[in-house]
Each structure stands twice: as structure tokens, then as C-alpha cells.
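Asks: File start30.txt below, compact mmCIF, C-alpha atoms:
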# COMPACT_ATOMS: atom_id res chain seq x y z
CA MET L 1 -18.84 4.48 -9.70
CA VAL L 2 -19.19 0.71 -9.58
CA LYS L 3 -22.40 -0.31 -7.76
CA LYS L 4 -21.79 -1.87 -4.34
CA PRO L 5 -23.22 -5.37 -3.86
CA ASP L 6 -25.68 -6.03 -1.03
CA TRP L 7 -23.16 -7.68 1.26
CA MET L 8 -21.23 -4.39 1.52
CA GLN L 9 -24.09 -2.71 3.41
CA PRO L 10 -22.77 -1.16 6.67
CA LYS L 11 -24.17 -2.72 9.84
CA GLY L 12 -23.96 -1.91 13.52
CA PRO L 13 -23.07 1.13 15.61
CA GLU L 14 -20.28 3.54 14.64
CA TRP L 15 -17.42 5.27 16.43
CA THR L 16 -18.44 8.52 18.11
CA ARG L 17 -15.90 11.34 18.38
CA LEU L 18 -16.19 13.32 21.62
CA SER L 19 -13.24 15.73 21.78
CA GLN L 20 -9.78 16.13 20.30
CA ARG L 21 -6.51 17.92 21.01
CA LEU L 22 -3.47 18.57 18.86
CA VAL L 23 -0.44 16.84 20.37
CA TYR L 24 2.23 17.27 17.65
CA GLU L 25 2.65 19.01 14.32
CA ASN L 26 5.39 19.43 11.72
CA PRO L 27 5.23 20.51 8.05
CA TRP L 28 4.11 17.02 6.91
CA ILE L 29 1.92 15.57 9.66
CA ARG L 30 -0.41 16.54 12.48
CA ILE L 31 -1.10 14.18 15.40
CA THR L 32 -4.39 14.46 17.28
CA ASP L 33 -5.56 12.54 20.35
CA HIS L 34 -9.28 11.84 20.51
CA ASP L 35 -11.69 10.89 23.25
CA ALA L 36 -14.26 8.65 21.65
CA THR L 37 -16.89 6.01 22.18
CA ALA L 38 -16.16 2.72 20.43
CA PRO L 39 -18.85 0.89 18.41
CA THR L 40 -19.10 -1.47 21.40
CA GLY L 41 -20.20 1.48 23.56
CA LYS L 42 -17.00 1.57 25.57
CA PRO L 43 -14.98 4.77 26.10
CA ALA L 44 -11.77 4.84 24.06
CA GLN L 45 -8.76 6.99 23.18
CA TYR L 46 -7.63 7.17 19.56
CA GLY L 47 -4.48 8.79 18.16
CA VAL L 48 -4.63 9.87 14.52
CA VAL L 49 -1.70 10.75 12.26
CA GLY L 50 -3.09 13.35 9.87
CA PHE L 51 -1.16 13.86 6.61
CA LYS L 52 -0.85 17.30 5.03
CA SER L 53 -0.44 15.88 1.54
CA VAL L 54 -1.71 13.05 -0.61
CA ALA L 55 0.78 10.43 -1.83
CA ILE L 56 1.04 10.56 -5.62
CA ALA L 57 2.60 7.69 -7.58
CA ILE L 58 3.16 7.57 -11.32
CA LEU L 59 4.09 4.47 -13.31
CA PRO L 60 5.68 5.68 -16.57
CA LEU L 61 5.16 2.86 -19.10
CA HIS L 62 7.21 3.19 -22.28
CA GLU L 63 6.07 1.77 -25.62
CA ASP L 64 8.84 -0.84 -25.52
CA GLY L 65 7.36 -2.28 -22.31
CA SER L 66 9.95 -0.74 -20.01
CA VAL L 67 9.31 1.46 -16.98
CA THR L 68 11.24 4.41 -15.55
CA LEU L 69 12.31 4.05 -11.93
CA ILE L 70 13.88 6.46 -9.46
CA GLY L 71 16.66 5.57 -7.00
CA GLN L 72 17.42 7.47 -3.80
CA HIS L 73 18.73 6.97 -0.29
CA ARG L 74 15.77 7.01 2.14
CA PHE L 75 16.10 8.64 5.54
CA VAL L 76 13.61 6.46 7.44
CA SER L 77 14.88 3.02 6.38
CA GLY L 78 18.49 4.15 6.04
CA ALA L 79 18.55 2.12 2.82
CA TYR L 80 18.82 2.86 -0.89
CA SER L 81 15.36 2.58 -2.47
CA TRP L 82 14.21 2.14 -6.08
CA GLU L 83 10.64 3.29 -6.64
CA ILE L 84 8.35 4.59 -9.33
CA PRO L 85 8.20 8.42 -9.41
CA GLU L 86 6.35 9.62 -6.31
CA GLY L 87 5.73 12.75 -4.33
CA GLY L 88 3.34 14.57 -2.05
CA GLY L 89 0.53 16.60 -3.58
CA PRO L 90 -1.47 19.36 -1.87
CA LEU L 91 -4.77 18.08 -0.42
CA ASP L 92 -6.82 20.74 -2.20
CA VAL L 93 -5.34 20.34 -5.71
CA ASP L 94 -6.26 17.78 -8.39
CA PRO L 95 -3.70 14.96 -7.90
CA MET L 96 -3.24 14.79 -11.69
CA ILE L 97 -1.56 18.20 -11.62
CA ALA L 98 0.88 17.10 -8.93
CA ALA L 99 1.47 13.84 -10.83
CA LYS L 100 2.45 15.65 -14.03
CA ARG L 101 4.83 17.90 -12.09
CA GLU L 102 6.44 14.95 -10.27
CA LEU L 103 6.96 12.98 -13.46
CA ALA L 104 8.70 15.92 -15.11
CA GLU L 105 10.82 16.82 -12.06
CA GLU L 106 11.92 13.34 -11.13
CA ALA L 107 12.00 11.46 -14.42
CA GLY L 108 12.24 14.25 -17.01
CA LEU L 109 9.14 12.83 -18.71
CA ALA L 110 5.73 13.98 -19.88
CA GLY L 111 2.86 11.82 -21.11
CA ARG L 112 0.05 12.22 -23.63
CA ASP L 113 -2.14 9.50 -22.06
CA TRP L 114 -2.80 9.64 -18.32
CA ARG L 115 -4.97 7.17 -16.40
CA ARG L 116 -5.94 7.40 -12.73
CA VAL L 117 -5.98 3.74 -11.72
CA LEU L 118 -5.51 3.53 -7.94
CA ASP L 119 -7.26 5.33 -5.07
CA VAL L 120 -6.31 3.99 -1.66
CA GLU L 121 -5.99 4.55 2.09
CA LEU L 122 -2.39 3.66 2.90
CA SER L 123 -2.64 2.76 6.60
CA ASN L 124 -6.21 3.42 7.68
CA SER L 125 -6.12 2.27 11.28
CA VAL L 126 -3.63 4.97 12.29
CA THR L 127 -3.20 7.54 9.48
CA ASP L 128 -5.53 9.37 7.10
CA GLU L 129 -2.99 9.25 4.27
CA ARG L 130 -4.53 8.80 0.83
CA GLY L 131 -2.65 7.48 -2.17
CA VAL L 132 -3.47 8.09 -5.82
CA GLY L 133 -1.78 6.15 -8.62
CA PHE L 134 -1.50 7.10 -12.29
CA LEU L 135 -0.31 5.33 -15.40
CA ALA L 136 1.52 7.67 -17.76
CA LEU L 137 1.60 6.40 -21.36
CA ASP L 138 2.71 7.78 -24.72
CA LEU L 139 5.73 9.38 -23.05
CA TYR L 140 8.07 12.07 -24.36
CA PRO L 141 10.89 14.15 -22.81
CA ALA L 142 9.63 16.95 -20.56
CA ALA L 143 10.54 20.53 -21.44
CA ALA L 144 12.49 21.03 -18.22
CA PRO L 145 15.20 18.49 -17.33
CA PRO L 146 14.84 16.66 -13.99
CA ASP L 147 15.75 18.64 -10.87
CA ASP L 148 19.10 17.16 -9.80
CA THR L 149 19.32 18.75 -6.34
CA GLU L 150 17.55 15.70 -4.90
CA LEU L 151 20.41 13.43 -6.07
CA LEU L 152 18.07 10.95 -7.69
CA GLN L 153 19.18 8.19 -10.05
CA ILE L 154 16.99 7.37 -13.04
CA ALA L 155 16.84 3.87 -14.56
CA ARG L 156 14.79 2.05 -17.16
CA ALA L 157 13.91 -1.59 -16.63
CA PRO L 158 11.76 -4.12 -18.49
CA PHE L 159 8.28 -4.30 -16.91
CA ARG L 160 8.59 -7.94 -15.82
CA GLU L 161 11.99 -7.36 -14.26
CA ALA L 162 10.65 -4.42 -12.25
CA LEU L 163 7.60 -6.42 -11.15
CA ASN L 164 9.69 -9.42 -10.12
CA GLN L 165 12.15 -7.27 -8.16
CA ALA L 166 9.23 -5.57 -6.40
CA LEU L 167 7.55 -8.87 -5.48
CA ALA L 168 10.86 -10.31 -4.28
CA GLY L 169 11.12 -7.54 -1.70
CA ASN L 170 13.94 -5.69 -3.50
CA MET L 171 11.67 -2.66 -4.15
CA PRO L 172 9.46 -2.72 -1.05
CA ASP L 173 7.78 0.67 -1.50
CA MET L 174 4.04 -0.12 -1.29
CA LEU L 175 2.82 2.17 -4.06
CA THR L 176 5.55 0.85 -6.37
CA VAL L 177 4.51 -2.76 -5.76
CA ALA L 178 0.81 -1.92 -6.07
CA MET L 179 1.16 0.09 -9.28
CA LEU L 180 3.25 -2.61 -10.98
CA LEU L 181 0.61 -5.19 -10.02
CA ARG L 182 -2.14 -2.85 -11.24
CA ALA L 183 -0.44 -2.42 -14.61
CA TYR L 184 -0.03 -6.21 -14.86
CA HIS L 185 -3.76 -6.57 -14.18
CA MET L 186 -4.67 -3.97 -16.80
CA ALA L 187 -2.44 -5.62 -19.37
CA GLN L 188 -3.93 -9.07 -18.71
CA GLU L 189 -7.48 -7.70 -18.79
CA GLY L 190 -6.97 -5.99 -22.16
CA GLU L 191 -7.16 -2.46 -20.78
CA LEU L 192 -3.88 -1.31 -22.36
CA PRO L 193 -2.90 -0.93 -26.02
CA ARG L 194 -2.26 -4.38 -27.54
CA GLU L 195 1.32 -3.63 -28.65
CA LEU L 196 2.20 -2.31 -25.21
CA THR L 197 0.67 -5.34 -23.52
CA ARG L 198 2.75 -7.64 -25.70
CA ALA L 199 5.92 -5.68 -24.95
CA MET L 200 5.20 -5.80 -21.20
CA LEU L 201 4.26 -9.45 -20.82
CA ASP L 202 6.29 -11.30 -23.45
CA MET F 1 16.45 -13.91 -2.69
CA VAL F 2 16.11 -12.73 -6.27
CA LYS F 3 19.41 -11.30 -7.57
CA LYS F 4 19.39 -7.54 -8.07
CA PRO F 5 20.23 -6.33 -11.59
CA ASP F 6 23.14 -3.93 -12.12
CA TRP F 7 20.98 -0.84 -12.51
CA MET F 8 19.81 -1.19 -8.88
CA GLN F 9 23.30 -0.42 -7.54
CA PRO F 10 23.12 2.45 -4.97
CA LYS F 11 24.93 5.60 -6.01
CA GLY F 12 25.77 8.89 -4.30
CA PRO F 13 25.99 10.14 -0.72
CA GLU F 14 23.53 9.05 1.98
CA TRP F 15 21.54 10.74 4.72
CA THR F 16 23.52 11.20 7.95
CA ARG F 17 21.66 11.10 11.28
CA LEU F 18 23.08 13.53 13.86
CA SER F 19 20.74 13.52 16.86
CA GLN F 20 17.15 12.65 17.70
CA ARG F 21 14.55 13.40 20.34
CA LEU F 22 11.24 11.74 21.16
CA VAL F 23 8.39 14.23 20.64
CA TYR F 24 5.29 12.03 21.01
CA GLU F 25 4.38 8.48 21.94
CA ASN F 26 1.22 6.40 22.39
CA PRO F 27 0.70 2.62 22.47
CA TRP F 28 0.86 2.35 18.65
CA ILE F 29 3.35 4.95 17.41
CA ARG F 30 6.42 6.90 18.46
CA ILE F 31 7.35 10.21 16.76
CA THR F 32 10.99 11.28 16.70
CA ASP F 33 12.51 14.50 15.35
CA HIS F 34 15.96 14.17 13.84
CA ASP F 35 18.76 16.58 13.03
CA ALA F 36 20.40 15.26 9.92
CA THR F 37 22.56 16.03 6.93
CA ALA F 38 20.84 15.47 3.59
CA PRO F 39 22.57 13.61 0.75
CA THR F 40 23.12 17.04 -0.82
CA GLY F 41 25.23 18.04 2.23
CA LYS F 42 22.65 20.48 3.57
CA PRO F 43 21.45 20.42 7.20
CA ALA F 44 17.91 19.08 7.53
CA GLN F 45 15.23 18.17 10.04
CA TYR F 46 13.31 14.94 9.62
CA GLY F 47 10.26 13.72 11.57
CA VAL F 48 9.72 9.97 11.66
CA VAL F 49 6.54 8.12 12.65
CA GLY F 50 7.77 4.87 14.18
CA PHE F 51 5.24 2.02 14.34
CA LYS F 52 5.19 -0.41 17.27
CA SER F 53 3.71 -3.20 15.19
CA VAL F 54 3.87 -4.64 11.69
CA ALA F 55 0.72 -4.58 9.56
CA ILE F 56 -0.42 -8.13 8.82
CA ALA F 57 -2.90 -8.87 6.03
CA ILE F 58 -4.37 -12.25 5.15
CA LEU F 59 -6.29 -13.06 1.99
CA PRO F 60 -8.38 -16.19 2.72
CA LEU F 61 -9.00 -17.84 -0.66
CA HIS F 62 -11.67 -20.55 -0.63
CA GLU F 63 -11.65 -23.48 -3.04
CA ASP F 64 -14.75 -22.14 -4.79
CA GLY F 65 -12.83 -18.99 -5.74
CA SER F 66 -14.44 -16.78 -3.12
CA VAL F 67 -12.70 -14.69 -0.47
CA THR F 68 -13.66 -13.84 3.11
CA LEU F 69 -13.87 -10.12 3.89
CA ILE F 70 -14.32 -8.20 7.14
CA GLY F 71 -16.55 -5.14 7.57
CA GLN F 72 -16.16 -2.55 10.30
CA HIS F 73 -16.65 1.15 10.98
CA ARG F 74 -13.24 2.87 10.89
CA PHE F 75 -12.42 5.66 13.32
CA VAL F 76 -9.99 7.61 11.14
CA SER F 77 -12.07 7.85 7.96
CA GLY F 78 -15.40 7.86 9.79
CA ALA F 79 -16.61 5.42 7.13
CA TYR F 80 -17.62 1.78 6.99
CA SER F 81 -14.77 -0.26 5.53
CA TRP F 82 -14.61 -3.73 3.97
CA GLU F 83 -11.14 -5.25 4.06
CA ILE F 84 -9.36 -8.57 4.08
CA PRO F 85 -8.55 -9.77 7.63
CA GLU F 86 -5.81 -7.54 9.06
CA GLY F 87 -4.17 -6.69 12.31
CA GLY F 88 -1.02 -5.52 14.00
CA GLY F 89 1.68 -8.04 14.87
CA PRO F 90 4.50 -7.59 17.40
CA LEU F 91 7.75 -6.45 15.73
CA ASP F 92 9.75 -9.28 17.31
CA VAL F 93 7.44 -12.19 16.46
CA ASP F 94 7.19 -14.14 13.18
CA PRO F 95 4.36 -12.40 11.26
CA MET F 96 2.97 -15.82 10.30
CA ILE F 97 2.01 -16.43 13.94
CA ALA F 98 0.13 -13.13 14.12
CA ALA F 99 -1.48 -13.88 10.76
CA LYS F 100 -2.86 -17.22 11.93
CA ARG F 101 -4.25 -15.63 15.09
CA GLU F 102 -5.89 -12.78 13.14
CA LEU F 103 -7.51 -15.12 10.64
CA ALA F 104 -9.02 -17.20 13.43
CA GLU F 105 -10.14 -14.21 15.52
CA GLU F 106 -11.60 -12.11 12.72
CA ALA F 107 -12.82 -14.65 10.19
CA GLY F 108 -13.16 -17.85 12.26
CA LEU F 109 -10.90 -19.61 9.76
CA ALA F 110 -7.71 -21.66 9.74
CA GLY F 111 -5.66 -22.70 6.72
CA ARG F 112 -3.54 -25.73 5.81
CA ASP F 113 -1.55 -23.86 3.11
CA TRP F 114 0.01 -20.50 3.97
CA ARG F 115 2.09 -18.39 1.60
CA ARG F 116 3.93 -15.18 2.47
CA VAL F 117 3.55 -13.19 -0.75
CA LEU F 118 3.97 -9.50 0.08
CA ASP F 119 6.66 -7.62 2.03
CA VAL F 120 6.35 -3.84 1.83
CA GLU F 121 7.05 -0.44 3.34
CA LEU F 122 3.65 1.24 3.56
CA SER F 123 4.62 4.93 3.55
CA ASN F 124 8.40 5.10 3.57
CA SER F 125 8.98 8.84 3.36
CA VAL F 126 7.33 9.46 6.77
CA THR F 127 6.73 6.16 8.60
CA ASP F 128 8.70 2.97 9.19
CA GLU F 129 5.58 0.81 9.01
CA ARG F 130 6.12 -2.58 7.39
CA GLY F 131 3.36 -4.67 5.87
CA VAL F 132 3.38 -8.44 5.36
CA GLY F 133 0.73 -10.20 3.29
CA PHE F 134 -0.24 -13.88 3.35
CA LEU F 135 -2.45 -16.06 1.22
CA ALA F 136 -4.35 -18.61 3.30
CA LEU F 137 -5.51 -21.62 1.26
CA ASP F 138 -7.15 -24.97 2.02
CA LEU F 139 -9.31 -23.31 4.65
CA TYR F 140 -11.38 -24.88 7.44
CA PRO F 141 -13.29 -23.52 10.44
CA ALA F 142 -11.04 -22.43 13.32
CA ALA F 143 -11.47 -24.13 16.68
CA ALA F 144 -12.46 -20.88 18.40
CA PRO F 145 -15.28 -18.81 16.90
CA PRO F 146 -14.46 -15.21 15.89
CA ASP F 147 -14.22 -12.69 18.72
CA ASP F 148 -17.42 -10.65 18.39
CA THR F 149 -16.50 -7.82 20.77
CA GLU F 150 -15.05 -5.91 17.81
CA LEU F 151 -18.46 -5.85 16.08
CA LEU F 152 -17.07 -7.09 12.79
CA GLN F 153 -19.20 -8.30 9.89
CA ILE F 154 -17.99 -11.27 7.88
CA ALA F 155 -18.85 -11.72 4.19
CA ARG F 156 -17.86 -14.02 1.35
CA ALA F 157 -17.57 -12.64 -2.16
CA PRO F 158 -16.41 -14.05 -5.49
CA PHE F 159 -12.77 -13.15 -6.11
CA ARG F 160 -13.44 -11.03 -9.20
CA GLU F 161 -16.22 -9.10 -7.47
CA ALA F 162 -13.91 -8.30 -4.54
CA LEU F 163 -11.11 -7.24 -6.88
CA ASN F 164 -13.41 -5.04 -8.95
CA GLN F 165 -14.87 -3.35 -5.87
CA ALA F 166 -11.35 -2.73 -4.55
CA LEU F 167 -10.14 -1.23 -7.83
CA ALA F 168 -13.27 0.92 -8.11
CA GLY F 169 -12.38 2.60 -4.81
CA ASN F 170 -15.16 0.89 -2.83
CA MET F 171 -12.61 -0.99 -0.70
CA PRO F 172 -9.76 1.52 -0.53
CA ASP F 173 -7.65 -0.17 2.13
CA MET F 174 -4.18 -0.44 0.53
CA LEU F 175 -3.27 -3.93 1.73
CA THR F 176 -6.67 -5.22 0.60
CA VAL F 177 -6.19 -3.79 -2.90
CA ALA F 178 -2.59 -5.01 -3.09
CA MET F 179 -3.33 -8.55 -1.88
CA LEU F 180 -6.22 -8.98 -4.31
CA LEU F 181 -3.95 -7.81 -7.15
CA ARG F 182 -1.19 -10.13 -5.89
CA ALA F 183 -3.55 -13.12 -5.89
CA TYR F 184 -4.69 -12.20 -9.42
CA HIS F 185 -1.04 -12.12 -10.49
CA MET F 186 -0.32 -15.50 -8.90
CA ALA F 187 -3.38 -17.04 -10.53
CA GLN F 188 -2.43 -15.70 -13.97
CA GLU F 189 1.18 -16.82 -13.56
CA GLY F 190 0.21 -20.38 -12.64
CA GLU F 191 1.36 -20.14 -9.03
CA LEU F 192 -1.94 -21.35 -7.54
CA PRO F 193 -3.68 -24.73 -7.82
CA ARG F 194 -5.30 -25.05 -11.27
CA GLU F 195 -8.84 -25.67 -9.99
CA LEU F 196 -8.61 -22.65 -7.70
CA THR F 197 -7.30 -20.46 -10.52
CA ARG F 198 -10.22 -21.48 -12.71
CA ALA F 199 -12.72 -20.76 -9.91
CA MET F 200 -11.13 -17.32 -9.29
CA LEU F 201 -10.81 -16.10 -12.86
CA ASP F 202 -13.70 -17.68 -14.75
Write out the structure in this file as C-alpha cells.
Replies:
Amino acid sequence: MVKKPDWMQPKGPEWTRLSQRLVYENPWIRITDHDATAPTGKPAQYGVVGFKSVAIAILPLHEDGSVTLIGQHRFVSGAYSWEIPEGGGPLDVDPMIAAKRELAEEAGLAGRDWRRVLDVELSNSVTDERGVGFLALDLYPAAAPPDDTELLQIARAPFREALNQALAGNMPDMLTVAMLLRAYHMAQEGELPRELTRAMLD
Amino acid sequence: MVKKPDWMQPKGPEWTRLSQRLVYENPWIRITDHDATAPTGKPAQYGVVGFKSVAIAILPLHEDGSVTLIGQHRFVSGAYSWEIPEGGGPLDVDPMIAAKRELAEEAGLAGRDWRRVLDVELSNSVTDERGVGFLALDLYPAAAPPDDTELLQIARAPFREALNQALAGNMPDMLTVAMLLRAYHMAQEGELPRELTRAMLD
């Protein structure tokens, strides 16, 4: 835990929750409407999208400085989307376990060196969805081949090409963009093996 | 537009939307349930959380290498949260306009140099929420003081301190983490004024 500086001290009144009712539920989300009192003291209504899983994202970084990416057609956008391996993990299970399963199922990969490098709230004014990001290093083929019923494509791209495509808006998935930027940061700050850093950034 | 490499070519069948019905709506979101055919050919149901606004995030970078951050108690997490200035923008308005308004209202700042540097899908398996991130440079006090009915705190922190707190999980808001990493990337890649880069990274 990194110590918080003084300026981060909370100040002022908080939200008060008065009552809540379930207004919609499906296997992935649960919407609740709340009567509340705002920090200003005024009565307020607040709708919360509760997620039944945590978003898990894994950036598989190969020794040659390339990354494995997954392609699929997305229902919500109606567009084809390239992303790092991702999936939903149960809320009550260590995200690392879900991450290892996702990497094997989607990319057919396992890793000897795992690092948890991102812990975020994805859209904290409306949803309670958490995201956890892992780097997977020292990769080798997983025992079980990838599950092909999801009709995923698998590709390998040089790190800089993936990062540039993500920043150009051609891979707009948030956790993909964030994890590529996080790996860039770690490489620049000397937090990755020197040979790998050279292969990624050169 | 950065040209897409060959490996990004879409492949395989797509989702087909058959019918939809509205199951919940409030001023911020709209939930629809869809009957669909999955890319595998199997019938499927899909619930979509539609957002009525785009998430706008602004990283105000001062010439001395510090950033302005906003503190507030968040309803959903029930925790105090430090973030870069953020807000919801109308879907049919240029996000830059919303960004300038947010920066003035929340931080009391205006900028002479604006850069749109992040375009993302925040949680694309369930929601259609888009996020747009801006760097605001060459800052000066806005004509109107910040609106204080939201009970926001305003703080200034050195860039590296803000980035380290974000990566340590002490500022978990996704767009805050991503925009700090994006600014780090731009500084390292020589995309920001040299004096500013030095002030940020030294």
C-alpha cells in the first residue's frame, strides 16, 4: 500500500443511502434504484448498475516483444473488436485464478511470471464494475488448446504496433488501451526484464 | 486515421439482432433485452446497458508539471474518490465543448491548448458507454469560479505523485488512471512541450 499524501484526505459530508429496490436483473447485472440524501443535504434518487463479475484483462507479453490479441465480433457495438484476452471472473474468487483460465481458454497460453498491475473502477458514477489487469510473462503453450466455440481469432503483434493501434482508436476497448499503456510505463520505468524492454520499445 | 495492419481483418460470422424490448430506463441509462443469433449460429439473449451520455475526462497539466484533481464522495462505492475532472457530455454534441465546460465548472480552469488523446469503449461486453479524454495545457483561471454546490475539493499534485497514487489503487477511477498513463506516454514519446516534459518526469 502506497501511503496517501495529505491532500487526499476526505472532506465534507457524504452520501446517505435511505432505501433501495431491485428494478432489473439478468445473469450479468442487477439494477437498483436508491432513495438517498446527497452530500449537499438534498434528497436524491440514484440508479446503480451492479455487476455480478469482475472484469479481468491479461496482457500476454512474449519474449520477442510481441503481444497476443483476440479478435471477435461484439454484440453491443456491432463491430469487430481486437482486444487483449479478457473475461468475467466471479466476485468471490481470486482474480488471478480467473485470469489464468481466460489466458488458456482464449489464447492457448500459460505464463510462469504473473503480475497484477491494474486495479480500477471502470465507470464509477453509474456502475460498480471493477477491473483487474495482469501482465503474463515467460509464456508457454497451455495444456488445453483454446476453446473454439467462441469463434475467436488469435493474432500476435509487435508491442508498439498494438499500442499505436489502440491509441489511434482502432482497438478502443478500455482495458486493452490501459494495459498497453501500463506495460509501456513499466518498460520505461525499468520494471520489466531488460531484454524484454528492449524488444518492446526498440 | 492510422492504417490497420492485415492481421486486424475481421473474420467469421457476426451477431444477428432479431428483436429488442426496453426493460428499464432512468435519466442516465436505458436497458434493452435482445433476442439474437450468436456468431456460432445458436439463439441467444443479450442485455445491453445503453448510456445517455459520453464520459468526458480532462487532465489539466500545469506548466510546473502538476495536475489538478477533484475530490468527492462517490455514491456507488460509498468511498471518497480523487479523480481528474470528469463529467457526462450529450451524445450529439462535440465532446470538446462538454470538456471545456467541465474543466471550468469543476476546476475553475480554462486552457489555450486542448488535445483529444483517448477514445475508448469503457465496458464493451455489457454497456455502450464511450469515453473521450483530453489534455488541457497552457491553463489559466476560468471566468466563472467553480460551481460549489457539488461539494468538490480541488487539489494540485505533482504529476508523478498523481500517477503513482493512481497505479497503487488509491485513485482507482479508470479514466483517471488511463489519462495519467497516456500523458506519461506522450511525455516519454516527445509529444509534449520539452519544458513541461521535464517538469513532469524529473
Asks: Which one of F:Thr32, F:Ser66, F:Asn124, F:Ser53 sits closest to chain L if you count all atoms listed in the file?
Replies: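 Residue with the minimum atom-to-atom distance to chain L: F:Asn124.
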Asks: Using all atoms listed in the file, determine which residues lie at most 10 Å from region 166-180 of chain F, disregarding the query and same-chain residues fewer than 6 positions distant; provide the list as a PyMOL selection string.
Replies: (chain L and resi 1-4+8+117-125+130-131+174-175+177-179+181-182) or (chain F and resi 55-59+61+67+69+80-86+117-118+120+122+131-135+159-160+186)
Asks: Pick the closest to chain L from F:Glu161, F:Asp64, F:Asp202, F:Glu195: which is it, counting all atoms listed in the file?
Replies: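 Going through F:Glu161, F:Asp64, F:Asp202, F:Glu195 one by one, the smallest distance to chain L is for F:Glu161.
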Asks: For a cutoff of 7 Å around the file-coordinate point (-24.3, -0.4, 20.1), which residues qualify once you count all atoms listed in the file? I'd like the result as a ChimeraX atom specification.
Replies: /L:12-13,39-41
Asks: Using only C-alpha atoms, which of the listed residues (F:Arg101, F:Arg116, F:Lys11, F:Arg30) sits closest to Gly50 (chain F)?
Replies: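 Nearest to Gly50 (chain F): F:Arg30.
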Asks: Give me the residues near Pro10 (chain F) as a ChimeraX atom specification, where near means some atom within 10 Å (using only C-alpha atoms) and where sequence neighbours in that chain fewer than 4 positions away do not count.
Replies: /L:71-73,79-82,153 /F:6,14
Asks: Would you compute the distance between CA of Glu25 (chain F) and CA of Tyr24 (chain L)? Give it in Å to one decimal.
Replies: 10.0 Å
Asks: Please, which residues are within 10 Å of (5.0, 13.8, -14.6) by the file's coordinates, counting all atoms listed in the file, and could they come as a count of residues only?
Replies: 27
Asks: Find the residues near Leu196 (chain F): any atom within 9 Å, counting only C-alpha atoms, skip ones fewer than 2 places away on the same chain, and give them as a PyMOL selection string.
Replies: chain F and resi 61-65+187+192-194+198-201
Asks: My list of candidates is L:Glu189, L:Glu150, L:Leu91, L:Pro145. Which is closest to chain F when distances are computed with all atoms listed in the file?
Replies: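 Closest residue, counting all atoms listed in the file: L:Glu150.
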Asks: How about completing region 157-163 of chain F with all heavy atoms and giving it to me as a JSON list (two decimals), keeping the file's coordinate frame?
Replies:
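The result, written out as result_22.json:
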[["chain", "number", "residue", "atom", "x", "y", "z"],
["F", 157, "ALA", "N", -17.29, -13.21, -0.84],
["F", 157, "ALA", "CA", -17.57, -12.64, -2.16],
["F", 157, "ALA", "C", -16.71, -13.36, -3.20],
["F", 157, "ALA", "O", -15.59, -13.79, -2.91],
["F", 157, "ALA", "CB", -17.22, -11.16, -2.17],
["F", 158, "PRO", "N", -17.24, -13.48, -4.42],
["F", 158, "PRO", "CA", -16.41, -14.05, -5.49],
["F", 158, "PRO", "C", -15.15, -13.20, -5.66],
["F", 158, "PRO", "O", -15.21, -11.97, -5.52],
["F", 158, "PRO", "CB", -17.31, -13.94, -6.73],
["F", 158, "PRO", "CG", -18.70, -13.78, -6.21],
["F", 158, "PRO", "CD", -18.58, -13.08, -4.88],
["F", 159, "PHE", "N", -14.04, -13.86, -6.00],
["F", 159, "PHE", "CA", -12.77, -13.15, -6.11],
["F", 159, "PHE", "C", -12.84, -11.94, -7.05],
["F", 159, "PHE", "O", -12.40, -10.84, -6.70],
["F", 159, "PHE", "CB", -11.67, -14.11, -6.60],
["F", 159, "PHE", "CG", -10.36, -13.42, -6.83],
["F", 159, "PHE", "CD1", -9.55, -13.05, -5.78],
["F", 159, "PHE", "CD2", -9.96, -13.08, -8.13],
["F", 159, "PHE", "CE1", -8.36, -12.37, -6.00],
["F", 159, "PHE", "CE2", -8.77, -12.41, -8.35],
["F", 159, "PHE", "CZ", -7.97, -12.05, -7.29],
["F", 160, "ARG", "N", -13.42, -12.14, -8.22],
["F", 160, "ARG", "CA", -13.44, -11.03, -9.20],
["F", 160, "ARG", "C", -14.29, -9.87, -8.70],
["F", 160, "ARG", "O", -13.97, -8.71, -8.95],
["F", 160, "ARG", "CB", -13.96, -11.50, -10.55],
["F", 160, "ARG", "CG", -12.89, -12.12, -11.41],
["F", 160, "ARG", "CD", -13.23, -11.91, -12.90],
["F", 160, "ARG", "NE", -12.29, -12.58, -13.76],
["F", 160, "ARG", "CZ", -11.26, -11.97, -14.37],
["F", 160, "ARG", "NH1", -11.04, -10.69, -14.20],
["F", 160, "ARG", "NH2", -10.45, -12.66, -15.15],
["F", 161, "GLU", "N", -15.39, -10.19, -8.01],
["F", 161, "GLU", "CA", -16.22, -9.10, -7.47],
["F", 161, "GLU", "C", -15.43, -8.30, -6.43],
["F", 161, "GLU", "O", -15.44, -7.06, -6.44],
["F", 161, "GLU", "CB", -17.49, -9.67, -6.84],
["F", 161, "GLU", "CG", -18.39, -8.59, -6.25],
["F", 161, "GLU", "CD", -19.74, -9.16, -5.81],
["F", 161, "GLU", "OE1", -20.66, -9.17, -6.64],
["F", 161, "GLU", "OE2", -19.86, -9.61, -4.65],
["F", 162, "ALA", "N", -14.72, -9.00, -5.55],
["F", 162, "ALA", "CA", -13.91, -8.30, -4.54],
["F", 162, "ALA", "C", -12.84, -7.44, -5.21],
["F", 162, "ALA", "O", -12.66, -6.27, -4.85],
["F", 162, "ALA", "CB", -13.27, -9.32, -3.59],
["F", 163, "LEU", "N", -12.16, -8.00, -6.19],
["F", 163, "LEU", "CA", -11.11, -7.24, -6.88],
["F", 163, "LEU", "C", -11.69, -6.01, -7.57],
["F", 163, "LEU", "O", -11.13, -4.90, -7.47],
["F", 163, "LEU", "CB", -10.40, -8.15, -7.90],
["F", 163, "LEU", "CG", -9.30, -7.52, -8.74],
["F", 163, "LEU", "CD1", -8.19, -6.93, -7.87],
["F", 163, "LEU", "CD2", -8.70, -8.55, -9.71]]
